[in-house]
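input.txt follows; it contains compact mmCIF, C-alpha atoms and all ligand atoms.
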# COMPACT_ATOMS: atom_id res chain seq x y z
CA MET A 1 -38.82 -192.08 46.37
CA LYS A 2 -36.72 -189.69 44.28
CA ILE A 3 -36.57 -186.17 45.71
CA GLY A 4 -35.43 -183.18 43.64
CA ILE A 5 -34.37 -180.14 45.62
CA MET A 6 -34.12 -176.68 44.05
CA GLY A 7 -31.60 -174.94 46.28
CA SER A 8 -28.04 -175.50 47.46
CA GLY A 9 -28.35 -173.39 50.64
CA VAL A 10 -28.71 -174.61 54.19
CA VAL A 11 -32.39 -175.51 53.68
CA GLY A 12 -31.74 -177.65 50.61
CA GLN A 13 -28.80 -179.32 52.31
CA GLN A 14 -30.61 -180.05 55.59
CA LEU A 15 -33.76 -181.36 53.90
CA GLY A 16 -31.57 -183.37 51.54
CA VAL A 17 -29.86 -185.19 54.38
CA GLY A 18 -33.23 -185.53 56.12
CA PHE A 19 -34.82 -187.27 53.14
CA ILE A 20 -31.80 -189.55 52.74
CA ARG A 21 -32.18 -190.48 56.42
CA LEU A 22 -35.74 -191.57 55.60
CA GLY A 23 -34.36 -193.84 52.85
CA HIS A 24 -35.01 -191.64 49.79
CA GLU A 25 -32.70 -190.60 46.96
CA VAL A 26 -31.96 -186.89 46.62
CA LYS A 27 -30.61 -184.69 43.84
CA ILE A 28 -29.97 -181.05 44.67
CA GLY A 29 -30.23 -178.56 41.82
CA THR A 30 -27.92 -175.55 41.61
CA ARG A 31 -26.14 -173.33 39.09
CA ASP A 32 -22.82 -174.41 40.65
CA THR A 33 -22.52 -178.04 41.79
CA ALA A 34 -19.12 -177.32 43.41
CA LYS A 35 -21.09 -175.71 46.27
CA LEU A 36 -22.30 -179.18 47.20
CA ASN A 37 -18.97 -181.03 47.37
CA GLU A 38 -18.95 -181.04 51.20
CA TRP A 39 -22.66 -181.90 51.36
CA LYS A 40 -22.15 -184.90 49.08
CA LYS A 41 -19.59 -186.31 51.55
CA ASP A 42 -22.23 -186.19 54.33
CA ALA A 43 -25.04 -187.36 52.08
CA GLY A 44 -23.34 -190.52 50.83
CA GLU A 45 -24.25 -192.40 47.70
CA LYS A 46 -27.96 -191.49 47.83
CA GLY A 47 -27.16 -187.76 47.49
CA THR A 48 -26.18 -186.18 44.18
CA ALA A 49 -26.00 -182.69 42.70
CA GLY A 50 -26.94 -181.43 39.27
CA THR A 51 -28.46 -178.54 37.38
CA PHE A 52 -31.88 -177.22 38.36
CA SER A 53 -33.25 -179.01 35.32
CA GLU A 54 -31.60 -182.34 36.19
CA ALA A 55 -32.90 -182.16 39.77
CA ALA A 56 -36.43 -181.27 38.65
CA LYS A 57 -36.51 -184.13 36.14
CA PHE A 58 -35.13 -186.52 38.78
CA GLY A 59 -37.62 -185.60 41.48
CA GLU A 60 -40.90 -187.47 41.84
CA LEU A 61 -41.42 -184.86 44.56
CA ILE A 62 -39.75 -181.44 44.35
CA ILE A 63 -38.70 -179.00 47.04
CA LEU A 64 -38.33 -175.30 46.37
CA ALA A 65 -35.62 -173.95 48.65
CA THR A 66 -34.32 -170.94 46.75
CA LEU A 67 -33.79 -167.32 47.63
CA TRP A 68 -37.15 -165.71 46.89
CA THR A 69 -35.76 -163.29 44.31
CA GLY A 70 -34.13 -166.22 42.46
CA THR A 71 -37.09 -168.58 42.69
CA GLU A 72 -38.83 -167.79 39.40
CA GLY A 73 -35.45 -167.87 37.64
CA ALA A 74 -34.65 -171.24 39.18
CA ILE A 75 -38.05 -172.61 38.08
CA THR A 76 -37.44 -171.35 34.55
CA LEU A 77 -34.00 -173.01 34.50
CA ALA A 78 -35.58 -176.21 35.88
CA GLY A 79 -38.30 -176.21 33.21
CA LYS A 80 -41.89 -175.69 34.34
CA GLU A 81 -42.97 -178.89 32.61
CA ASN A 82 -40.81 -180.90 35.01
CA PHE A 83 -43.05 -179.91 37.96
CA SER A 84 -46.30 -180.99 36.38
CA GLY A 85 -48.36 -183.50 38.38
CA LYS A 86 -45.80 -183.54 41.21
CA ILE A 87 -45.98 -182.50 44.85
CA VAL A 88 -43.90 -179.32 45.27
CA ILE A 89 -42.97 -178.37 48.82
CA ASP A 90 -42.51 -174.61 48.92
CA VAL A 91 -40.14 -173.65 51.76
CA THR A 92 -39.39 -170.17 50.41
CA ASN A 93 -40.13 -166.92 52.18
CA PRO A 94 -40.62 -163.79 50.04
CA LEU A 95 -38.22 -161.59 51.97
CA ASP A 96 -36.79 -158.22 51.01
CA PHE A 97 -33.36 -157.50 52.52
CA SER A 98 -32.82 -154.36 50.40
CA LYS A 99 -33.06 -152.13 53.48
CA GLY A 100 -31.04 -154.49 55.66
CA ALA A 101 -32.12 -156.75 58.50
CA PRO A 102 -34.62 -157.64 59.72
CA PRO A 103 -36.10 -158.03 56.25
CA LYS A 104 -39.47 -156.84 55.03
CA LEU A 105 -42.05 -159.32 53.76
CA LYS A 106 -43.11 -159.11 50.10
CA SER A 107 -46.26 -161.16 50.72
CA ALA A 108 -49.83 -159.91 50.55
CA PRO A 109 -53.25 -161.58 50.73
CA GLY A 110 -53.86 -163.17 47.34
CA GLU A 111 -50.21 -162.54 46.36
CA SER A 112 -48.28 -164.66 48.80
CA GLY A 113 -45.23 -166.63 47.76
CA GLY A 114 -47.13 -169.91 47.91
CA GLU A 115 -49.92 -168.60 45.69
CA THR A 116 -47.39 -167.10 43.27
CA ILE A 117 -45.66 -170.50 42.97
CA GLN A 118 -48.99 -172.30 42.50
CA LYS A 119 -49.91 -169.84 39.70
CA LEU A 120 -46.48 -170.32 38.08
CA LEU A 121 -46.89 -174.10 38.30
CA PRO A 122 -50.62 -174.75 37.79
CA GLY A 123 -50.04 -178.47 37.15
CA ALA A 124 -48.18 -179.00 40.44
CA LYS A 125 -49.57 -179.72 43.90
CA VAL A 126 -47.90 -176.97 45.92
CA VAL A 127 -47.68 -177.40 49.68
CA LYS A 128 -46.27 -174.56 51.74
CA ALA A 129 -44.34 -176.13 54.62
CA PHE A 130 -41.22 -175.84 56.79
CA ASN A 131 -40.99 -172.07 56.15
CA THR A 132 -41.69 -171.10 59.78
CA ILE A 133 -38.65 -172.75 61.36
CA SER A 134 -34.88 -172.90 61.10
CA ALA A 135 -33.35 -175.18 58.50
CA TYR A 136 -31.58 -177.03 61.31
CA ILE A 137 -34.90 -177.92 62.96
CA MET A 138 -36.74 -179.04 59.81
CA CYS A 139 -35.61 -182.66 60.08
CA ASN A 140 -34.73 -182.56 63.82
CA PRO A 141 -37.74 -180.96 65.51
CA LYS A 142 -37.21 -182.26 69.05
CA ARG A 143 -36.25 -179.31 71.30
CA GLU A 144 -35.28 -179.42 74.98
CA GLU A 145 -38.68 -177.85 75.71
CA GLY A 146 -40.69 -180.25 73.53
CA VAL A 147 -41.63 -180.79 69.90
CA PRO A 148 -43.07 -177.73 68.13
CA ASP A 149 -45.93 -177.83 65.61
CA LEU A 150 -45.47 -177.72 61.85
CA PHE A 151 -47.88 -175.48 59.94
CA ILE A 152 -48.70 -176.29 56.32
CA ALA A 153 -51.08 -175.10 53.58
CA GLY A 154 -52.03 -176.23 50.08
CA ASN A 155 -54.91 -177.06 47.76
CA ASP A 156 -54.38 -180.81 47.43
CA GLU A 157 -55.40 -182.88 50.45
CA SER A 158 -53.41 -185.99 49.53
CA ALA A 159 -50.29 -183.91 48.86
CA LYS A 160 -50.60 -182.35 52.33
CA MET A 161 -51.00 -185.82 53.86
CA LYS A 162 -47.84 -186.97 52.09
CA VAL A 163 -45.88 -183.96 53.37
CA ALA A 164 -47.22 -184.59 56.88
CA SER A 165 -46.06 -188.21 56.68
CA PHE A 166 -42.49 -187.13 55.83
CA ALA A 167 -42.60 -184.64 58.71
CA GLU A 168 -43.82 -187.34 61.09
CA GLY A 169 -40.89 -189.49 59.95
CA TRP A 170 -38.59 -186.74 61.26
CA GLY A 171 -40.41 -186.55 64.59
CA TRP A 172 -43.01 -183.81 64.05
CA ASN A 173 -45.89 -185.20 66.08
CA SER A 174 -48.33 -182.42 65.24
CA VAL A 175 -48.76 -181.08 61.71
CA VAL A 176 -51.36 -178.32 61.53
CA ASP A 177 -53.12 -177.94 58.18
CA MET A 178 -54.06 -174.26 57.90
CA GLY A 179 -56.09 -174.70 54.70
CA ASP A 180 -55.67 -174.02 51.00
CA ILE A 181 -52.71 -172.31 49.32
CA SER A 182 -54.14 -168.84 50.05
CA LYS A 183 -53.18 -169.54 53.68
CA SER A 184 -49.54 -169.30 52.60
CA TYR A 185 -49.94 -165.63 53.41
CA LEU A 186 -50.48 -166.57 57.06
CA LEU A 187 -47.51 -168.93 57.06
CA GLU A 188 -45.26 -166.28 55.48
CA THR A 189 -46.30 -163.58 57.99
CA PHE A 190 -45.76 -166.19 60.71
CA ALA A 191 -42.25 -166.73 59.33
CA LEU A 192 -41.63 -162.98 59.61
CA PHE A 193 -42.73 -163.16 63.26
CA TRP A 194 -40.17 -165.97 63.72
CA ILE A 195 -37.47 -163.90 61.96
CA GLU A 196 -38.19 -160.69 63.93
CA TYR A 197 -37.94 -162.63 67.18
CA GLY A 198 -34.63 -164.11 66.00
CA PHE A 199 -33.10 -160.71 65.24
CA LYS A 200 -34.42 -159.08 68.43
CA TYR A 201 -33.19 -161.80 70.79
CA ASN A 202 -30.36 -163.22 68.65
CA ASN A 203 -31.88 -166.65 69.04
CA TRP A 204 -32.42 -168.95 66.06
CA THR A 205 -33.49 -172.22 67.67
CA HIS A 206 -36.99 -171.12 68.57
CA ALA A 207 -40.16 -172.72 67.20
CA PHE A 208 -43.88 -172.56 67.92
CA LYS A 209 -46.29 -174.90 69.63
CA LEU A 210 -50.06 -174.46 69.47
CA LEU A 211 -51.60 -175.12 72.89
CA LYS A 212 -55.29 -175.87 72.54
CA LYS A 213 -56.34 -176.59 76.10
N1 LIG B 1 -32.34 -170.56 56.25
C1 LIG B 1 -33.38 -170.95 56.96
O1 LIG B 1 -33.25 -171.40 58.11
C2 LIG B 1 -34.76 -170.86 56.33
C3 LIG B 1 -35.86 -171.26 57.09
C4 LIG B 1 -37.13 -171.25 56.50
C5 LIG B 1 -37.28 -170.82 55.19
N2 LIG B 1 -36.17 -170.39 54.49
C6 LIG B 1 -36.35 -169.98 53.09
O2 LIG B 1 -35.85 -171.06 52.29
C7 LIG B 1 -35.25 -170.55 51.09
C8 LIG B 1 -33.80 -171.07 51.01
O3 LIG B 1 -33.06 -170.52 52.06
P1 LIG B 1 -31.50 -170.87 52.27
O4 LIG B 1 -31.09 -170.10 53.47
O5 LIG B 1 -31.28 -172.32 52.21
O6 LIG B 1 -30.76 -170.34 50.96
P2 LIG B 1 -30.78 -168.97 50.13
O7 LIG B 1 -29.45 -168.38 50.25
O8 LIG B 1 -31.96 -168.14 50.50
O9 LIG B 1 -30.99 -169.54 48.64
C9 LIG B 1 -30.00 -170.27 48.02
C10 LIG B 1 -30.48 -170.83 46.72
O10 LIG B 1 -31.12 -169.83 45.93
C11 LIG B 1 -30.63 -169.93 44.61
N3 LIG B 1 -30.63 -168.64 43.91
C12 LIG B 1 -30.30 -167.42 44.40
N4 LIG B 1 -30.41 -166.47 43.44
C13 LIG B 1 -30.79 -167.14 42.31
C14 LIG B 1 -31.06 -166.74 40.97
N5 LIG B 1 -30.95 -165.45 40.59
N6 LIG B 1 -31.45 -167.67 40.07
C15 LIG B 1 -31.56 -168.98 40.43
N7 LIG B 1 -31.30 -169.42 41.71
C16 LIG B 1 -30.94 -168.52 42.61
C17 LIG B 1 -29.20 -170.40 44.77
O11 LIG B 1 -28.80 -171.01 43.57
P3 LIG B 1 -27.30 -171.54 43.34
O12 LIG B 1 -27.24 -172.84 44.08
O13 LIG B 1 -27.25 -171.70 41.88
O14 LIG B 1 -26.40 -170.49 43.89
C18 LIG B 1 -29.32 -171.38 45.92
O15 LIG B 1 -29.63 -172.66 45.42
C19 LIG B 1 -35.36 -169.04 51.17
O16 LIG B 1 -36.50 -168.62 50.42
C20 LIG B 1 -35.55 -168.77 52.65
O17 LIG B 1 -36.25 -167.56 52.92
C21 LIG B 1 -34.94 -170.41 55.03

So, in terms of structure tokens, how does the structure I just supplied come out?
Amino acid sequence: MKIGIMGSGVVGQQLGVGFIRLGHEVKIGTRDTAKLNEWKKDAGEKGTAGTFSEAAKFGELIILATLWTGTEGAITLAGKENFSGKIVIDVTNPLDFSKGAPPKLKSAPGESGGETIQKLLPGAKVVKAFNTISAYIMCNPKREEGVPDLFIAGNDESAKMKVASFAEGWGWNSVVDMGDISKSYLLETFALFWIEYGFKYNNWTHAFKLLKK
């Protein structure tokens, strides 16, 4: 499958290599392809870089991995029409670092990042996923203490199943569907919990497991 990634940061780069490992082709979109010169060496011939628009056109599935404040701008540069009918994995977290760290969350019930993206891209099947863990764990979930759970949300059942199948390919053995895209609010507040823990204990390899019994 062809995967278009909006975002040249650590998330875009890690997911890019992860999808290539699963046998897919990846194009990362950015305003400055020079940022991806090192990544391209790791990615090999299945990994390319281009503009946001080129990556969005390329992707049969698209990942949004942009700084929240740049996300709408990146979508505009990519061309909204290029998302239509496609699964869009939203990894963003609407964080506000204006008062320093830890950041504040700019998410509210009914106005979460995931819902905002779904409203911006009504023709796309938005799945909120991978936002509650470190970029370095997204495609390598096995920890010394076990495999955490991945929490996802979105309106389209088959899109969520597809995202879960990619996650399972990376070793996530439990993907927890929290419901429709309005549950993005829960996933974004959960991400803030993860971030606050990280700043308090200076630990960034933590992840969550839901114990049911
Ligand atoms: N880092 C993590 O471990 C982690 C974990 C979970 C979720 N997240 C979330 O995932 C997203 C990506 O995080 P990240 O750490 O990989 O990178 P980031 O630094 O948050 O974002 C980098 C990307 O945002 C784009 N961008 C920034 N301002 C822009 C603007 N004004 N217009 C268009 N594009 C703009 C950059 O474009 P250019 O390439 O053109 O510079 C770049 O591609 C964030 O929303 C973050 O909260 C991160």

Taking every listed atom of ligand LIG 1 (chain B) and adding 4 Å to each side, what centre and edge lengths in Å (one decimal) does the axis-aligned box have, as lines of an AutoDock Vina configuration file?
center_x = -31.8
center_y = -169.1
center_z = 49.1
size_x = 18.9
size_y = 15.4
size_z = 26.0

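Candidate residues A:Phe130, A:Trp39, A:Tyr201, A:Trp194 were compared for distance to ligand LIG 1 (chain B), and the nearest is A:Phe130, using all atoms listed in the file.
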
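With only C-alpha atoms and all ligand atoms as the atoms that count, the residue of A:Ile137, A:Ile87, A:Val26, A:Ala153 with the shortest distance to ligand LIG 1 (chain B) is A:Ile137.
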
Subject >> Expected answer as a ChimeraX atom specification: residues within 9 Å of ligand LIG 1 (chain B), all atoms listed in the file >> reply: /A:5-14,28-33,35-36,51-52,64-77,90-95,129-138,191,195,204

**OP:** Find the residues near A:Val176: any atom within 8 Å, counting all atoms listed in the file, skip ones fewer than 5 places away on the same chain, and give them as a list in words.
**Re:** Asp149, Leu150, Phe151 and Ile152 of chain A

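The space separating atom CA of A:Lys57 from atom CA of A:Arg21 comes to 21.7 Å.
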
Subject >> Residues within 8 Å of A:Pro148, all atoms listed in the file, excluding chain neighbours under 2 positions, as a ChimeraX atom specification >> reply: /A:141-143,146,150,172,174,207-210

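You can rank A:Lys99, A:Gly59, A:Ser184, A:Ile20 by their closest distance to A:Gln118 using all atoms listed in the file, and at the top of that list sits A:Ser184.
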